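Here's the structure, in structure tokens; my notes come after.
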Amino acid sequence: MCTVLLLTLVLCVLLTQNLRASEQGKIEERMPFLAVRVPRWFAERYRRAAANLRLNSDRLTTPFDLHETLKDVVDMDRPRDLVTDDGLPPRGYSLFQDIPDDRTCADARIDPHWFVLII
């Protein structure tokens, strides 16, 4: 049963610990573990998306990106806004898109409270 499911679905695992009182807990809260596995058929049908997923593993991503990714899982052909009404880049990119390698916390509209570097 599990093998059949892994052959047909996109699996996302998001893990964080609730140890906010410690320095390690603050880092983990701000940088949770995320793993995404796509089935072989998906990687073959959506080669660019699968390549971008691997590429984005070393880029600044946020929970808003995961949200856009899950929307793509439901509809890979949906239209995407490249610029918001206020002229800014979107708050979330799908992990199946090429997320800019020079993306900053300001670009992602991440509040300074969530910066890992200030801990």
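As shown in the structure tokens, the chain order sets the letters A, B, ...; within each chain, residues go from 1, and ligands are also counted from 1 in the order they appear.
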Chain A: residues DSSP assigns to strand (DSSP E or B), reported as a compact mmCIF listing (two decimals) with C-alpha atoms, in the first residue's frame:
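Now in out01.txt:
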```
# COMPACT_ATOMS: atom_id res chain seq x y z
CA LEU A 11 4.92 13.83 -0.45
CA CYS A 12 5.78 16.90 1.66
CA VAL A 13 7.23 16.61 5.15
CA LEU A 14 7.61 19.72 7.31
CA LEU A 15 9.20 19.27 10.73
CA PHE A 33 13.09 20.89 7.95
CA LEU A 34 11.23 20.47 4.67
CA ALA A 35 11.42 17.50 2.33
CA VAL A 36 9.47 17.16 -0.90
CA ARG A 37 9.38 13.97 -2.94
```
Please report as CSV every residue of stretch 34-71 of chain A lying within 7 Å of stretch 92-110 of chain A, along with the nearest atom pair and their distance in Å (one decimal), using only C-alpha atoms.
```
residue,atom,partner,partner_atom,distance
A:Ala49,CA,A:Phe96,CA,4.3
A:Ala50,CA,A:Phe96,CA,6.5
A:Asn52,CA,A:Phe96,CA,5.3
A:Leu53,CA,A:Phe96,CA,5.2
A:Asn56,CA,A:Ile99,CA,6.4
A:Arg59,CA,A:Asp101,CA,6.0
A:Leu60,CA,A:Arg103,CA,6.5
A:Phe64,CA,A:Gly92,CA,4.6
A:Asp65,CA,A:Gly92,CA,4.3
A:Leu66,CA,A:Ser94,CA,6.6
A:Glu68,CA,A:Ser94,CA,4.6
A:Thr69,CA,A:Ser94,CA,4.2
```
Checklist entry - Running DSSP on the backbone, which parts of stretch 26-111 of chain A land in helix (DSSP H, G or I), as a PyMOL selection string? => result chain A and resi 26-30+40-45+47-58+63-74
Please produce a file of the residues just selected, as a tab-separated table (two decimals), in the first residue's frame, where the atoms kept are C-alpha atoms.
```tsv
chain	number	residue	atom	x	y	z
A	26	LYS	CA	14.67	29.50	17.93
A	27	ILE	CA	16.76	28.46	14.93
A	28	GLU	CA	14.59	25.41	14.25
A	29	GLU	CA	11.43	27.50	14.51
A	30	ARG	CA	12.83	29.86	11.88
A	40	ARG	CA	8.89	9.44	-11.15
A	41	TRP	CA	5.98	10.12	-13.51
A	42	PHE	CA	5.79	13.71	-12.23
A	43	ALA	CA	9.53	14.29	-12.74
A	44	GLU	CA	9.26	12.91	-16.28
A	45	ARG	CA	6.16	14.90	-17.21
A	47	ARG	CA	11.04	18.04	-16.04
A	48	ARG	CA	11.55	21.78	-15.50
A	49	ALA	CA	9.51	21.73	-12.27
A	50	ALA	CA	11.51	18.78	-10.92
A	51	ALA	CA	14.79	20.48	-11.85
A	52	ASN	CA	13.69	23.70	-10.13
A	53	LEU	CA	12.69	21.76	-7.02
A	54	ARG	CA	16.27	20.44	-6.76
A	55	LEU	CA	17.76	23.85	-7.59
A	56	ASN	CA	15.67	25.64	-4.96
A	57	SER	CA	16.95	23.40	-2.17
A	58	ASP	CA	19.83	25.87	-1.77
A	63	PRO	CA	6.21	28.82	4.06
A	64	PHE	CA	4.51	31.05	1.46
A	65	ASP	CA	6.55	29.21	-1.19
A	66	LEU	CA	5.32	25.87	0.13
A	67	HIS	CA	1.76	27.19	-0.08
A	68	GLU	CA	2.25	28.14	-3.74
A	69	THR	CA	3.81	24.72	-4.36
A	70	LEU	CA	0.80	22.93	-2.92
A	71	LYS	CA	-1.45	25.04	-5.15
A	72	ASP	CA	0.65	23.85	-8.11
A	73	VAL	CA	0.28	20.22	-7.06
A	74	VAL	CA	-3.47	20.68	-7.45
```
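Counting from atom CA of A:Thr61, the distance to atom CA of A:Arg91 is 10.2 Å.
Taking atom CA of A:Thr62 and atom CA of A:Pro112 as the two end points, the separation is 13.5 Å.
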